[in-house]
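S.K.: Sharing a structure with you now.
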Amino acid sequence: MRAFLVAAGLLLTAGSAYAEPAVVDVCAVTDPRLEELSGLASDGAQWFAVNDSDNGRLLIQVLDRNCAITRTITTPNNPFDVEDLALAPDGTLWAADTGDNGKTRETVALHAISPDGTARLYRLTYPDGKHDAEALLLDGAGIPHIITKETIGSPLVYRPVSGLNEGAPTPMEQVARVPISGSSTTGGPLTNSVVTRLVTGAAMARDGKVAALRTYTDAYLFPVPDGDLARALESDPVRVPLAGEPQGEAIAFDPDGTLLSASEFGNGGTSSALRAVTGASALAVPPAPATTAEAP
């Protein structure tokens with residue numbers, strides 16, 4: 001049986017839900033410095049973006065609301081494969097240097113970048129072997145959560161077992177498995193069902209009440225009503241289709257709850273669209289509290 005939640009614009013099916021709000025093109029990303037745009041963040045007035053190409057330096061591009069690069073934050077760090085970007089409440093930009101397509105890395109890294117380009121480097125290790133990961137979330141306490149890109153099985157969520165240390169790698173622990181099974185949404189670099197469930201980016205709403213994961217084709221919204229991000233990522237999400245992106249890897253929330261989505265240019269492309277879903281954070285409705293029926 002299907003039940004419509006008209007106010008929220010959701011369709012519930014067997015414990016999960018999806019919504020089809022308007023996905024609007026805001027502006028075109030044409031600068032070749034972002035042809036492999038993989039991470040996005042927003043402070044409401046401007047956007048921050050990172051390319052996943054390695055040119056020996058970690059560069060954060062600052063965009064105006066027309067997708068034009070207004071300045072570049074340059075750090076001295078030499079990353080291996082930066083795949084996502086998160087903005088902390090204090091203005092620190094966290095770059096997830098966690099890509100590992102060849103499964104060759106003994107450690108992955110997080111770069112904490114101040115607006116002036118000052119950067120701190122933290123290395124981390126997985127407890128169970130090597131993983132490729134393209135998504136980063138910061139919970140309400142500022143603890144980073146890395147979500148893996150699994151071709152077989154569910155995406156996995158890892159977080160540090162202790163505070164981050166610049167002097168030595170910090171071990172991580174697995175804290176969740178994400179229930180993403182794929183969709184029929186079109187898009188992505190290949191035409192098969194696998195690309196619809198590979199997690200390529202993540203974002204946290206400004207108030208910490210909603211987390212979003214994206215694949216090449218869809219966004220998944222998870223309510224975080226009590227601040228427990230790991231538990232929230234194991235709940236049933238609301239799926240929002242992001243059809244037609246050639247290689248969608250970037251996602252962010254504006255402070256007002258608008259969801260932003262962006263793609264790499266794709267093979268042979270010269271631009272991609274930065275798109276918006278207004279009011280997306282309101283679509284992640286927390287589950288109703290359980291009730292106990294009175295005995296007859």
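To be explicit about the labels: the chains of the structure tokens are called A, B, and onward in the order shown, and within each one the residues are counted from 1, while ligands get numbers from 1 in the order they are shown.
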Give me, as a VMD selection string, the residues of range 14-239 of chain A that a backbone DSSP run labels strand (DSSP E or B).

M.R.: chain A and resid 16 to 19 24 to 29 37 to 42 47 to 51 58 to 63 69 to 75 84 to 87 93 to 97 108 to 113 119 to 125 133 to 138 144 to 148 156 to 160 170 to 177 201 to 204 210 to 214 218 to 223 238 to 239

S.K.: For Asn66 in chain A, list every protein, DNA or RNA residue within 9 Å, evaluated using only C-alpha atoms, and leave out those in the same chain fewer than 3 positions away; present the list as an NGL selection string.

M.R.: :A and (26-29 or 63 or 69)

S.K.: I need the residues in range 211-252 of chain A that are alpha helix (DSSP H) according to DSSP; give them as number ranges by chain.

M.R.: A: 229-232

S.K.: Given the selection you just returned, output its residues as a file containing N, CA and C atoms, formatted as a PDB file, in the first residue's frame.

M.R.:
ATOM      1  N   LEU A 229      24.678  10.929  14.146  1.00  0.00           N
ATOM      2  CA  LEU A 229      24.813  10.821  12.700  1.00  0.00           C
ATOM      3  C   LEU A 229      24.939   9.375  12.247  1.00  0.00           C
ATOM      4  N   ALA A 230      25.710   8.580  12.957  1.00  0.00           N
ATOM      5  CA  ALA A 230      25.889   7.182  12.554  1.00  0.00           C
ATOM      6  C   ALA A 230      24.561   6.442  12.526  1.00  0.00           C
ATOM      7  N   ARG A 231      23.772   6.627  13.548  1.00  0.00           N
ATOM      8  CA  ARG A 231      22.468   5.952  13.580  1.00  0.00           C
ATOM      9  C   ARG A 231      21.546   6.495  12.492  1.00  0.00           C
ATOM     10  N   ALA A 232      21.618   7.804  12.243  1.00  0.00           N
ATOM     11  CA  ALA A 232      20.764   8.398  11.213  1.00  0.00           C
ATOM     12  C   ALA A 232      21.074   7.817   9.841  1.00  0.00           C
TER      13      ALA A 232
END

S.K.: Restricting the calculation to only C-alpha atoms, which member of A:Asp218, A:Asp97, A:Asp236, A:Glu20 is positioned closest to Ser53 in chain A?

M.R.: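 Using only C-alpha atoms, Ser53 in chain A sits closest to A:Asp97.
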
S.K.: My list of candidates is A:Gly227, A:Pro255, A:Gly102, A:Gly117. Which is closest to Pro89 in chain A when distances are computed with only C-alpha atoms?

M.R.: A:Pro255
